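To keep things clear, I will list the structure first and then write my remarks on it.
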Number of protein chains: 2
Amino acid sequence: MSLSRPPDGGAVERCRRLLEPALREAIAGLHPWNARMAGFALGWSDADGRPRAGDGGKGVRPALALLAAEAVGADAGAAVPGAVAVELVHAFSLAHDDIIDHDERRRHRETLWKAYGVGPALLTGDALLALAVAQLAATPTAMPLLSAALTDLVHGQSADMAFENRPWHGPHAVTIGEYTEMAAGKTGSLLGAAAALGVTLGGAPPELGESMRRMGRDLGVAFQIADDVLGIWGDPAVTGKPVHNDLRREKKTLPVLCALAGDGAAGRELSAVLSAGLADEETVRTAARLVEEAGGRAAAHALAERHLSAALHTLDTHLPGATELRTLCKSLTHRTH
Amino acid sequence: MSLSRPPDGGAVERCRRLLEPALREAIAGLHPWNARMAGFALGWSDADGRPRAGDGGKGVRPALALLAAEAVGADAGAAVPGAVAVELVHAFSLAHDDIIDHDERRRHRETLWKAYGVGPALLTGDALLALAVAQLAATPTAMPLLSAALTDLVHGQSADMAFENRPWHGPHAVTIGEYTEMAAGKTGSLLGAAAALGVTLGGAPPELGESMRRMGRDLGVAFQIADDVLGIWGDPAVTGKPVHNDLRREKKTLPVLCALAGDGAAGRELSAVLSAGLADEETVRTAARLVEEAGGRAAAHALAERHLSAALHTLDTHLPGATELRTLCKSLTHRTH
């Protein structure tokens, strides 16, 4: 995920202040060796353990949990264990994703495995996940929500990886429907769990938790499409990743899938270029241009907009007064617009 | 872990027949891509997905859970979700450990990462862990036991890895106490959780679960020491790993720590050899001989025996009639004797 700080800095900042002491206390319970690496992963310290100020991630998921609790009339404090849990699952997934994807940079710094090695980063990811589970293991209303999100998250990541072995064309090509299901799992499940945990720990009935889970899945699809757009056209100075990164890796991102789904000249040319393989930077640039010319970028925006609208509709139906929560959800995809 | 099939094949085999359909059903719920890799990891299929007969692991942990349930008068079926969960956590930990340790062989076959690559194996490990959590997420009596075991397991693995950066000598050398705590976490926590889940899902009160957890930690220390002995002197034809494997990697195993703790000539010579580094096979063989001459092997046996006795004492005190469970526990370390 490479998204800018949401515009509604006030509520998110307030949530961050509520989260941080609890998150730090949880991390302090890890083996010191993992705690040091976790501190680096969370942006609290340099690779050598020295404290640093700066961007430790946006805290979107914990903010969703805390604002959702407030939206059902509870004190945000009731949702802190859920907020800590989702932030820890997020940190776990980034630590492992960066190993899987061989990504060396994140948030303008080295990734965890790049700084400490694959084995230590892998194990620290496991420690973060174990710590996440421990936050809610004794809370019977909350634990199934976290567990379901974890299952869906890994399922989505696996689907995304399995896409790599699929062709660009023909009957076995990845469909928009498959992409949407993958993104709902990979990116939406944890957003949904955050909101669902917030309302549930805030005392709401299971049905509202289920609606929030669904809301989060839609939001996640919009969020993932925004990330896909950034992965091709994002400014490296902002994203902290090379331009055309996802295209160079021939990832099955939505703009490319949409571009190939059309039947214009640009789509056919793109198809030929991808089939031949993106061997050099010139070809990568050509492919990026063709995706745009074939309408892939516009179609991706439109689909993101549709899922964002669905998420906001769910929110407006079930939590009509949740202004801060709504603003946060809406802000998650604004960089694509 | 590389231990032979326990002598009490009857009970373990009966447990395996009870476990397998439930385990297969759980695995079938994974993304097909993960399910295929999980099938390989569990010994059910070849790397290309063809079913195979043969050793898919001993099923010691699920057997502990099922026999523990029977020991409190319950039907073993009550503990099946717990048995599935601990077997999945075990499979998760092996998948990740082999990546961390760069191990290429396990049970006379390629390891998961060697067969499919690091990224896919890592993600399949995560999927197995998520699936383990899902088995018990909605069972409030059981989930905290699984969660605590997971935390202790990762803590122990981290301690073991952190030992690698510690010196062989001087005030910062690894102590026998630290080793014992590490082994209780890395190896004992899941054995303890298995037995604790068994009695708990069988309807026993929390205090008995806590005793079983403690029993399992002692058992785990004995189990780990047995593994350490095999890691140095085990027959490659039986263990499936090269002889002197752990010594070559300069791991802080108990026989070596015990050998260095003595003050005889062999211990001092070993100390000098380790300080100089085990550069060639001749030196590795010399080190193995010195560990034995310095009494490291005998001391390891004695300490394993002590922890096994403590485990059996706990069992005899709290579950005096649990013959099959006792036989299983006792069998776990028999190969060292």
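Residue numbering restarts at 1 in every chain; chains get A, B, ... in the order shown in the structure tokens, and ligands count up from 1 in that same order.
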> Skipping near chain neighbours, those fewer than 5 positions away, what residues fall within 12 Å of Lys251 in chain B using only C-alpha atoms, listed as a PyMOL selection string?
Replying inline: chain B and resi 101+160-168+174+179+228+231-232+244-246+256-257+274+278
Write a file of the just-selected residues containing N, CA and C atoms, as a short mmCIF file (atom, residue, chain, number, x, y, z; two decimals), in the first residue's frame.
data_model
loop_
_atom_site.label_atom_id
_atom_site.label_comp_id
_atom_site.auth_asym_id
_atom_site.auth_seq_id
_atom_site.Cartn_x
_atom_site.Cartn_y
_atom_site.Cartn_z
N ASP B 101 16.38 -21.69 8.22
CA ASP B 101 17.62 -22.47 8.40
C ASP B 101 18.26 -22.90 7.08
N ASP B 160 16.33 -18.94 19.91
CA ASP B 160 17.27 -19.87 19.27
C ASP B 160 18.08 -19.14 18.20
N MET B 161 17.40 -18.32 17.39
CA MET B 161 18.10 -17.58 16.35
C MET B 161 19.02 -16.53 16.94
N ALA B 162 18.56 -15.88 18.00
CA ALA B 162 19.38 -14.84 18.64
C ALA B 162 20.64 -15.46 19.25
N PHE B 163 20.56 -16.74 19.64
CA PHE B 163 21.75 -17.44 20.18
C PHE B 163 22.90 -17.44 19.17
N GLU B 164 22.54 -17.43 17.87
CA GLU B 164 23.58 -17.52 16.84
C GLU B 164 24.58 -16.38 16.93
N ASN B 165 24.10 -15.23 17.44
CA ASN B 165 25.00 -14.08 17.54
C ASN B 165 25.72 -14.02 18.88
N ARG B 166 25.52 -15.03 19.72
CA ARG B 166 26.15 -15.03 21.04
C ARG B 166 27.48 -15.78 20.98
N PRO B 167 28.43 -15.40 21.82
CA PRO B 167 29.74 -16.08 21.80
C PRO B 167 29.69 -17.46 22.47
N TRP B 168 30.70 -18.29 22.21
CA TRP B 168 30.79 -19.60 22.86
C TRP B 168 31.28 -19.48 24.31
N VAL B 174 25.72 -18.45 26.01
CA VAL B 174 24.37 -18.98 26.30
C VAL B 174 24.45 -19.94 27.49
N TYR B 179 19.07 -21.97 27.44
CA TYR B 179 18.76 -23.03 26.48
C TYR B 179 17.44 -23.72 26.83
N ASP B 228 18.72 -32.53 19.45
CA ASP B 228 20.09 -31.99 19.41
C ASP B 228 21.11 -33.11 19.28
N GLY B 231 21.02 -34.36 15.93
CA GLY B 231 21.57 -33.33 15.03
C GLY B 231 23.08 -33.40 14.93
N ILE B 232 23.71 -34.02 15.92
CA ILE B 232 25.18 -34.19 15.88
C ILE B 232 25.55 -35.62 15.49
N HIS B 244 26.47 -34.65 11.70
CA HIS B 244 27.14 -33.45 12.26
C HIS B 244 26.54 -32.14 11.78
N ASN B 245 25.28 -32.21 11.32
CA ASN B 245 24.65 -31.05 10.68
C ASN B 245 24.66 -29.82 11.58
N ASP B 246 24.15 -29.96 12.81
CA ASP B 246 24.05 -28.81 13.71
C ASP B 246 25.42 -28.28 14.14
N VAL B 256 26.84 -29.40 23.14
CA VAL B 256 28.01 -28.52 23.04
C VAL B 256 28.08 -27.58 24.25
N LEU B 257 26.93 -27.02 24.64
CA LEU B 257 26.91 -26.14 25.81
C LEU B 257 27.37 -26.89 27.05
N LEU B 274 36.28 -24.43 18.55
CA LEU B 274 35.11 -23.63 18.16
C LEU B 274 35.50 -22.18 17.93
N LEU B 278 34.83 -23.88 12.56
CA LEU B 278 34.84 -25.25 12.01
C LEU B 278 34.95 -25.18 10.49
#
Mind listing as a PDB file with N, CA and C atoms, in the first residue's frame which residues of chain B are within 10 Å of chain A, counting only C-alpha atoms?
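Everything below was put into iface-v6.pdb:
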ATOM      1  N   GLY B  29     -10.052 -26.474   2.293  1.00  0.00           N
ATOM      2  CA  GLY B  29     -10.609 -25.122   2.325  1.00  0.00           C
ATOM      3  C   GLY B  29      -9.610 -24.041   1.935  1.00  0.00           C
ATOM      4  N   LEU B  30      -8.343 -24.407   1.793  1.00  0.00           N
ATOM      5  CA  LEU B  30      -7.326 -23.429   1.391  1.00  0.00           C
ATOM      6  C   LEU B  30      -7.459 -23.088  -0.094  1.00  0.00           C
ATOM      7  N   HIS B  31      -6.829 -21.991  -0.505  1.00  0.00           N
ATOM      8  CA  HIS B  31      -6.672 -21.719  -1.929  1.00  0.00           C
ATOM      9  C   HIS B  31      -5.990 -22.945  -2.557  1.00  0.00           C
ATOM     10  N   PRO B  32      -6.473 -23.406  -3.724  1.00  0.00           N
ATOM     11  CA  PRO B  32      -5.936 -24.639  -4.314  1.00  0.00           C
ATOM     12  C   PRO B  32      -4.413 -24.643  -4.436  1.00  0.00           C
ATOM     13  N   TRP B  33      -3.860 -23.487  -4.663  1.00  0.00           N
ATOM     14  CA  TRP B  33      -2.410 -23.344  -4.826  1.00  0.00           C
ATOM     15  C   TRP B  33      -1.706 -23.659  -3.502  1.00  0.00           C
ATOM     16  N   ASN B  34      -2.268 -23.165  -2.388  1.00  0.00           N
ATOM     17  CA  ASN B  34      -1.727 -23.478  -1.063  1.00  0.00           C
ATOM     18  C   ASN B  34      -2.026 -24.927  -0.681  1.00  0.00           C
ATOM     19  N   SER B  93       5.216 -24.206  11.292  1.00  0.00           N
ATOM     20  CA  SER B  93       6.536 -23.900  11.848  1.00  0.00           C
ATOM     21  C   SER B  93       7.650 -24.610  11.065  1.00  0.00           C
ATOM     22  N   HIS B  96       8.283 -22.629   7.777  1.00  0.00           N
ATOM     23  CA  HIS B  96       9.052 -21.401   7.980  1.00  0.00           C
ATOM     24  C   HIS B  96      10.463 -21.694   8.493  1.00  0.00           C
ATOM     25  N   ASP B  97      10.601 -22.653   9.398  1.00  0.00           N
ATOM     26  CA  ASP B  97      11.934 -23.007   9.919  1.00  0.00           C
ATOM     27  C   ASP B  97      12.889 -23.415   8.810  1.00  0.00           C
ATOM     28  N   ASP B  98      12.382 -24.186   7.866  1.00  0.00           N
ATOM     29  CA  ASP B  98      13.266 -24.665   6.801  1.00  0.00           C
ATOM     30  C   ASP B  98      13.751 -23.514   5.924  1.00  0.00           C
ATOM     31  N   ILE B  99      12.915 -22.493   5.762  1.00  0.00           N
ATOM     32  CA  ILE B  99      13.365 -21.297   5.038  1.00  0.00           C
ATOM     33  C   ILE B  99      14.450 -20.595   5.860  1.00  0.00           C
ATOM     34  N   ILE B 100      14.150 -20.395   7.141  1.00  0.00           N
ATOM     35  CA  ILE B 100      15.071 -19.671   8.026  1.00  0.00           C
ATOM     36  C   ILE B 100      16.417 -20.382   8.115  1.00  0.00           C
ATOM     37  N   ASP B 101      16.382 -21.695   8.222  1.00  0.00           N
ATOM     38  CA  ASP B 101      17.619 -22.471   8.396  1.00  0.00           C
ATOM     39  C   ASP B 101      18.257 -22.901   7.078  1.00  0.00           C
ATOM     40  N   HIS B 102      17.671 -22.535   5.966  1.00  0.00           N
ATOM     41  CA  HIS B 102      18.155 -22.962   4.642  1.00  0.00           C
ATOM     42  C   HIS B 102      18.247 -24.485   4.534  1.00  0.00           C
ATOM     43  N   GLY B 117       9.946 -22.845  -3.969  1.00  0.00           N
ATOM     44  CA  GLY B 117      10.453 -21.477  -3.864  1.00  0.00           C
ATOM     45  C   GLY B 117      10.118 -20.858  -2.514  1.00  0.00           C
ATOM     46  N   VAL B 118      10.908 -19.859  -2.120  1.00  0.00           N
ATOM     47  CA  VAL B 118      10.765 -19.254  -0.791  1.00  0.00           C
ATOM     48  C   VAL B 118       9.419 -18.545  -0.624  1.00  0.00           C
ATOM     49  N   GLY B 119       9.044 -17.713  -1.591  1.00  0.00           N
ATOM     50  CA  GLY B 119       7.795 -16.958  -1.471  1.00  0.00           C
ATOM     51  C   GLY B 119       6.578 -17.852  -1.303  1.00  0.00           C
ATOM     52  N   PRO B 120       6.378 -18.805  -2.234  1.00  0.00           N
ATOM     53  CA  PRO B 120       5.235 -19.713  -2.097  1.00  0.00           C
ATOM     54  C   PRO B 120       5.241 -20.502  -0.788  1.00  0.00           C
ATOM     55  N   ALA B 121       6.422 -20.953  -0.351  1.00  0.00           N
ATOM     56  CA  ALA B 121       6.500 -21.736   0.894  1.00  0.00           C
ATOM     57  C   ALA B 121       6.173 -20.863   2.101  1.00  0.00           C
ATOM     58  N   LEU B 122       6.671 -19.634   2.069  1.00  0.00           N
ATOM     59  CA  LEU B 122       6.387 -18.705   3.157  1.00  0.00           C
ATOM     60  C   LEU B 122       4.882 -18.468   3.273  1.00  0.00           C
ATOM     61  N   LEU B 123       4.261 -18.187   2.128  1.00  0.00           N
ATOM     62  CA  LEU B 123       2.834 -17.885   2.122  1.00  0.00           C
ATOM     63  C   LEU B 123       2.006 -19.111   2.501  1.00  0.00           C
ATOM     64  N   THR B 124       2.437 -20.287   2.082  1.00  0.00           N
ATOM     65  CA  THR B 124       1.726 -21.498   2.479  1.00  0.00           C
ATOM     66  C   THR B 124       1.847 -21.719   3.983  1.00  0.00           C
ATOM     67  N   GLY B 125       3.007 -21.399   4.549  1.00  0.00           N
ATOM     68  CA  GLY B 125       3.148 -21.439   6.006  1.00  0.00           C
ATOM     69  C   GLY B 125       2.138 -20.523   6.673  1.00  0.00           C
ATOM     70  N   ASP B 126       2.013 -19.320   6.149  1.00  0.00           N
ATOM     71  CA  ASP B 126       1.026 -18.379   6.695  1.00  0.00           C
ATOM     72  C   ASP B 126      -0.395 -18.941   6.576  1.00  0.00           C
ATOM     73  N   ALA B 127      -0.676 -19.573   5.438  1.00  0.00           N
ATOM     74  CA  ALA B 127      -2.014 -20.141   5.225  1.00  0.00           C
ATOM     75  C   ALA B 127      -2.298 -21.253   6.232  1.00  0.00           C
ATOM     76  N   LEU B 128      -1.282 -22.073   6.520  1.00  0.00           N
ATOM     77  CA  LEU B 128      -1.449 -23.153   7.501  1.00  0.00           C
ATOM     78  C   LEU B 128      -1.710 -22.570   8.893  1.00  0.00           C
ATOM     79  N   LEU B 129      -1.015 -21.485   9.211  1.00  0.00           N
ATOM     80  CA  LEU B 129      -1.220 -20.859  10.517  1.00  0.00           C
ATOM     81  C   LEU B 129      -2.617 -20.243  10.614  1.00  0.00           C
ATOM     82  N   ALA B 130      -3.028 -19.552   9.562  1.00  0.00           N
ATOM     83  CA  ALA B 130      -4.371 -18.962   9.556  1.00  0.00           C
ATOM     84  C   ALA B 130      -5.432 -20.052   9.715  1.00  0.00           C
ATOM     85  N   LEU B 131      -5.197 -21.174   9.056  1.00  0.00           N
ATOM     86  CA  LEU B 131      -6.140 -22.296   9.133  1.00  0.00           C
ATOM     87  C   LEU B 131      -6.166 -22.885  10.544  1.00  0.00           C
ATOM     88  N   ALA B 132      -5.017 -22.945  11.187  1.00  0.00           N
ATOM     89  CA  ALA B 132      -4.940 -23.441  12.569  1.00  0.00           C
ATOM     90  C   ALA B 132      -5.779 -22.554  13.488  1.00  0.00           C
ATOM     91  N   VAL B 133      -5.606 -21.256  13.356  1.00  0.00           N
ATOM     92  CA  VAL B 133      -6.345 -20.301  14.190  1.00  0.00           C
ATOM     93  C   VAL B 133      -7.844 -20.446  13.945  1.00  0.00           C
ATOM     94  N   ALA B 134      -8.209 -20.631  12.675  1.00  0.00           N
ATOM     95  CA  ALA B 134      -9.630 -20.743  12.328  1.00  0.00           C
ATOM     96  C   ALA B 134     -10.298 -21.945  12.996  1.00  0.00           C
ATOM     97  N   GLN B 135      -9.527 -23.012  13.267  1.00  0.00           N
ATOM     98  CA  GLN B 135     -10.115 -24.202  13.898  1.00  0.00           C
ATOM     99  C   GLN B 135     -10.712 -23.899  15.267  1.00  0.00           C
ATOM    100  N   LEU B 136     -10.089 -22.947  15.980  1.00  0.00           N
ATOM    101  CA  LEU B 136     -10.467 -22.735  17.380  1.00  0.00           C
ATOM    102  C   LEU B 136     -10.936 -21.315  17.679  1.00  0.00           C
ATOM    103  N   ALA B 137     -11.002 -20.459  16.659  1.00  0.00           N
ATOM    104  CA  ALA B 137     -11.311 -19.036  16.886  1.00  0.00           C
ATOM    105  C   ALA B 137     -12.643 -18.839  17.602  1.00  0.00           C
ATOM    106  N   ALA B 138     -13.586 -19.740  17.368  1.00  0.00           N
ATOM    107  CA  ALA B 138     -14.907 -19.579  17.979  1.00  0.00           C
ATOM    108  C   ALA B 138     -15.078 -20.450  19.221  1.00  0.00           C
ATOM    109  N   THR B 139     -13.966 -20.968  19.762  1.00  0.00           N
ATOM    110  CA  THR B 139     -14.022 -21.815  20.961  1.00  0.00           C
ATOM    111  C   THR B 139     -13.257 -21.123  22.090  1.00  0.00           C
ATOM    112  N   PRO B 140     -14.000 -20.350  22.914  1.00  0.00           N
ATOM    113  CA  PRO B 140     -13.333 -19.470  23.887  1.00  0.00           C
ATOM    114  C   PRO B 140     -12.463 -20.201  24.912  1.00  0.00           C
ATOM    115  N   THR B 141     -12.764 -21.471  25.210  1.00  0.00           N
ATOM    116  CA  THR B 141     -11.918 -22.175  26.180  1.00  0.00           C
ATOM    117  C   THR B 141     -10.584 -22.580  25.550  1.00  0.00           C
ATOM    118  N   ALA B 142     -10.608 -22.797  24.248  1.00  0.00           N
ATOM    119  CA  ALA B 142      -9.432 -23.357  23.583  1.00  0.00           C
ATOM    120  C   ALA B 142      -8.511 -22.309  22.972  1.00  0.00           C
ATOM    121  N   MET B 143      -9.105 -21.239  22.436  1.00  0.00           N
ATOM    122  CA  MET B 143      -8.318 -20.276  21.659  1.00  0.00           C
ATOM    123  C   MET B 143      -7.155 -19.679  22.445  1.00  0.00           C
ATOM    124  N   PRO B 144      -7.360 -19.299  23.725  1.00  0.00           N
ATOM    125  CA  PRO B 144      -6.218 -18.733  24.461  1.00  0.00           C
ATOM    126  C   PRO B 144      -5.055 -19.728  24.621  1.00  0.00           C
ATOM    127  N   LEU B 145      -5.355 -21.014  24.694  1.00  0.00           N
ATOM    128  CA  LEU B 145      -4.290 -22.017  24.797  1.00  0.00           C
ATOM    129  C   LEU B 145      -3.469 -22.060  23.509  1.00  0.00           C
ATOM    130  N   LEU B 146      -4.166 -22.036  22.386  1.00  0.00           N
ATOM    131  CA  LEU B 146      -3.457 -22.048  21.101  1.00  0.00           C
ATOM    132  C   LEU B 146      -2.640 -20.773  20.927  1.00  0.00           C
ATOM    133  N   SER B 147      -3.244 -19.659  21.293  1.00  0.00           N
ATOM    134  CA  SER B 147      -2.568 -18.367  21.137  1.00  0.00           C
ATOM    135  C   SER B 147      -1.308 -18.301  21.994  1.00  0.00           C
ATOM    136  N   ALA B 148      -1.404 -18.753  23.243  1.00  0.00           N
ATOM    137  CA  ALA B 148      -0.234 -18.725  24.126  1.00  0.00           C
ATOM    138  C   ALA B 148       0.876 -19.611  23.569  1.00  0.00           C
ATOM    139  N   ALA B 149       0.493 -20.764  23.019  1.00  0.00           N
ATOM    140  CA  ALA B 149       1.500 -21.669  22.452  1.00  0.00           C
ATOM    141  C   ALA B 149       2.199 -21.033  21.261  1.00  0.00           C
ATOM    142  N   LEU B 150       1.417 -20.345  20.451  1.00  0.00           N
ATOM    143  CA  LEU B 150       1.963 -19.687  19.274  1.00  0.00           C
ATOM    144  C   LEU B 150       2.966 -18.614  19.679  1.00  0.00           C
ATOM    145  N   THR B 151       2.595 -17.816  20.669  1.00  0.00           N
ATOM    146  CA  THR B 151       3.488 -16.779  21.180  1.00  0.00           C
ATOM    147  C   THR B 151       4.782 -17.395  21.714  1.00  0.00           C
ATOM    148  N   ASP B 152       4.647 -18.449  22.519  1.00  0.00           N
ATOM    149  CA  ASP B 152       5.820 -19.089  23.114  1.00  0.00           C
ATOM    150  C   ASP B 152       6.687 -19.768  22.053  1.00  0.00           C
ATOM    151  N   LEU B 153       6.038 -20.360  21.077  1.00  0.00           N
ATOM    152  CA  LEU B 153       6.751 -21.027  19.986  1.00  0.00           C
ATOM    153  C   LEU B 153       7.639 -20.040  19.237  1.00  0.00           C
ATOM    154  N   VAL B 154       7.056 -18.924  18.825  1.00  0.00           N
ATOM    155  CA  VAL B 154       7.824 -17.931  18.070  1.00  0.00           C
ATOM    156  C   VAL B 154       8.900 -17.303  18.962  1.00  0.00           C
ATOM    157  N   HIS B 155       8.570 -17.091  20.234  1.00  0.00           N
ATOM    158  CA  HIS B 155       9.547 -16.549  21.181  1.00  0.00           C
ATOM    159  C   HIS B 155      10.747 -17.495  21.284  1.00  0.00           C
ATOM    160  N   GLY B 156      10.469 -18.784  21.411  1.00  0.00           N
ATOM    161  CA  GLY B 156      11.551 -19.773  21.508  1.00  0.00           C
ATOM    162  C   GLY B 156      12.381 -19.839  20.232  1.00  0.00           C
ATOM    163  N   GLN B 157      11.715 -19.784  19.083  1.00  0.00           N
ATOM    164  CA  GLN B 157      12.445 -19.801  17.814  1.00  0.00           C
ATOM    165  C   GLN B 157      13.339 -18.570  17.694  1.00  0.00           C
ATOM    166  N   SER B 158      12.813 -17.441  18.169  1.00  0.00           N
ATOM    167  CA  SER B 158      13.587 -16.200  18.108  1.00  0.00           C
ATOM    168  C   SER B 158      14.786 -16.275  19.038  1.00  0.00           C
ATOM    169  N   ALA B 159      14.567 -16.820  20.238  1.00  0.00           N
ATOM    170  CA  ALA B 159      15.682 -16.983  21.174  1.00  0.00           C
ATOM    171  C   ALA B 159      16.757 -17.868  20.548  1.00  0.00           C
ATOM    172  N   MET B 161      17.396 -18.324  17.395  1.00  0.00           N
ATOM    173  CA  MET B 161      18.098 -17.576  16.348  1.00  0.00           C
ATOM    174  C   MET B 161      19.021 -16.528  16.943  1.00  0.00           C
ATOM    175  N   ALA B 162      18.556 -15.878  18.002  1.00  0.00           N
ATOM    176  CA  ALA B 162      19.378 -14.842  18.636  1.00  0.00           C
ATOM    177  C   ALA B 162      20.641 -15.462  19.253  1.00  0.00           C
TER     178      ALA B 162
END
> So which bits of range 103-258 of chain A end up strand (DSSP E) when you DSSP the backbone, as a PyMOL selection string?
Replying inline: chain A and resi 105-106+109-110
> Restricting the calculation to only C-alpha atoms, which member of A:Ala226, A:Ala53, A:Cys15, A:Ala311 is positioned closest to Gly192 in chain A?
Replying inline: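 Closest candidate: A:Ala311.
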>> Excluding range 63-80 of chain A and its own-chain neighbours fewer than 3 positions away, which residues fall within 6 Å of it when counting only C-alpha atoms? Please give them as a ChimeraX atom specification.
In response: /A:12,15,60,83,194-195,198-199,201-202,322,325
> Using the chain letters and numbers from this document, which residues of range 38-219 of chain B does DSSP assign to helix (DSSP H, G or I), as a ChimeraX atom specification?
Replying inline: /B:38-41,60-71,76-100,112-116,118-136,143-163,176-201,206-219
> Can you list, as number ranges by chain, every protein, DNA or RNA residue that comes within 12 Å of Ala302 in chain B when you count only C-alpha atoms, leaving out same-chain residues fewer than 6 positions away?
Replying inline: B: 221-222, 225-226, 229, 254-255, 258, 295-296, 308-309, 333, 336-337
File dump, residues just selected, N, CA and C atoms, as a PDB file, in the first residue's frame:
ATOM      1  N   VAL B 221      11.475 -29.956  26.307  1.00  0.00           N
ATOM      2  CA  VAL B 221      12.914 -29.803  26.557  1.00  0.00           C
ATOM      3  C   VAL B 221      13.606 -31.145  26.313  1.00  0.00           C
ATOM      4  N   ALA B 222      13.012 -32.223  26.839  1.00  0.00           N
ATOM      5  CA  ALA B 222      13.586 -33.560  26.619  1.00  0.00           C
ATOM      6  C   ALA B 222      13.612 -33.904  25.125  1.00  0.00           C
ATOM      7  N   ILE B 225      16.309 -31.872  23.317  1.00  0.00           N
ATOM      8  CA  ILE B 225      17.656 -32.388  23.582  1.00  0.00           C
ATOM      9  C   ILE B 225      17.891 -33.651  22.748  1.00  0.00           C
ATOM     10  N   ALA B 226      16.876 -34.509  22.681  1.00  0.00           N
ATOM     11  CA  ALA B 226      16.992 -35.708  21.839  1.00  0.00           C
ATOM     12  C   ALA B 226      17.280 -35.308  20.394  1.00  0.00           C
ATOM     13  N   VAL B 229      20.890 -34.191  20.034  1.00  0.00           N
ATOM     14  CA  VAL B 229      21.815 -35.328  19.987  1.00  0.00           C
ATOM     15  C   VAL B 229      21.798 -35.936  18.579  1.00  0.00           C
ATOM     16  N   LEU B 254      22.522 -28.255  23.055  1.00  0.00           N
ATOM     17  CA  LEU B 254      22.817 -28.582  24.453  1.00  0.00           C
ATOM     18  C   LEU B 254      24.081 -29.416  24.654  1.00  0.00           C
ATOM     19  N   PRO B 255      24.335 -30.461  23.845  1.00  0.00           N
ATOM     20  CA  PRO B 255      25.563 -31.228  24.091  1.00  0.00           C
ATOM     21  C   PRO B 255      26.818 -30.345  24.058  1.00  0.00           C
ATOM     22  N   CYS B 258      26.907 -28.143  27.200  1.00  0.00           N
ATOM     23  CA  CYS B 258      27.310 -28.956  28.362  1.00  0.00           C
ATOM     24  C   CYS B 258      28.804 -29.267  28.303  1.00  0.00           C
ATOM     25  N   GLY B 295      32.095 -34.997  27.785  1.00  0.00           N
ATOM     26  CA  GLY B 295      30.898 -35.389  28.535  1.00  0.00           C
ATOM     27  C   GLY B 295      29.625 -34.692  28.102  1.00  0.00           C
ATOM     28  N   GLY B 296      29.675 -34.029  26.959  1.00  0.00           N
ATOM     29  CA  GLY B 296      28.507 -33.273  26.505  1.00  0.00           C
ATOM     30  C   GLY B 296      27.321 -34.167  26.160  1.00  0.00           C
ATOM     31  N   LEU B 308      12.184 -35.403  31.155  1.00  0.00           N
ATOM     32  CA  LEU B 308      11.192 -36.435  30.860  1.00  0.00           C
ATOM     33  C   LEU B 308      10.552 -36.936  32.155  1.00  0.00           C
ATOM     34  N   SER B 309      11.379 -37.156  33.179  1.00  0.00           N
ATOM     35  CA  SER B 309      10.849 -37.612  34.470  1.00  0.00           C
ATOM     36  C   SER B 309       9.882 -36.589  35.056  1.00  0.00           C
ATOM     37  N   THR B 333      11.384 -39.510  23.443  1.00  0.00           N
ATOM     38  CA  THR B 333      12.828 -39.295  23.533  1.00  0.00           C
ATOM     39  C   THR B 333      13.616 -40.598  23.485  1.00  0.00           C
ATOM     40  N   THR B 336      17.318 -41.491  22.016  1.00  0.00           N
ATOM     41  CA  THR B 336      18.597 -41.034  22.554  1.00  0.00           C
ATOM     42  C   THR B 336      19.185 -42.031  23.533  1.00  0.00           C
ATOM     43  N   HIS B 337      18.400 -43.017  23.927  1.00  0.00           N
ATOM     44  CA  HIS B 337      18.853 -43.859  25.032  1.00  0.00           C
ATOM     45  C   HIS B 337      19.443 -45.173  24.543  1.00  0.00           C
TER      46      HIS B 337
END
>> Can you tell me which residues surround Glu269 in chain A at a distance of at most 12 Å, considering only C-alpha atoms, apart from same-chain residues fewer than 6 positions away, and format the answer as an NGL selection string?
In response: :A and (259-260 or 262-263 or 275-276 or 283 or 286-291 or 293-294)
If you keep C-alpha atoms, can you produce a file of those selected residues as a compact mmCIF listing (two decimals), in the first residue's frame?
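Written out: selection.txt:
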# COMPACT_ATOMS: atom_id res chain seq x y z
CA ALA A 259 -6.79 -2.43 -21.10
CA LEU A 260 -6.61 -5.99 -22.44
CA GLY A 262 -11.10 -3.79 -24.68
CA ASP A 263 -10.96 -4.48 -28.40
CA SER A 275 3.29 -11.53 -25.08
CA ALA A 276 6.78 -10.68 -26.30
CA THR A 283 9.22 -1.45 -23.79
CA THR A 286 5.53 1.75 -24.25
CA ALA A 287 3.37 -0.71 -22.30
CA ALA A 288 2.43 1.98 -19.75
CA ARG A 289 1.41 4.30 -22.59
CA LEU A 290 -0.63 1.55 -24.27
CA VAL A 291 -2.44 0.67 -21.03
CA GLU A 293 -4.41 4.61 -24.49
CA ALA A 294 -6.45 1.41 -24.30
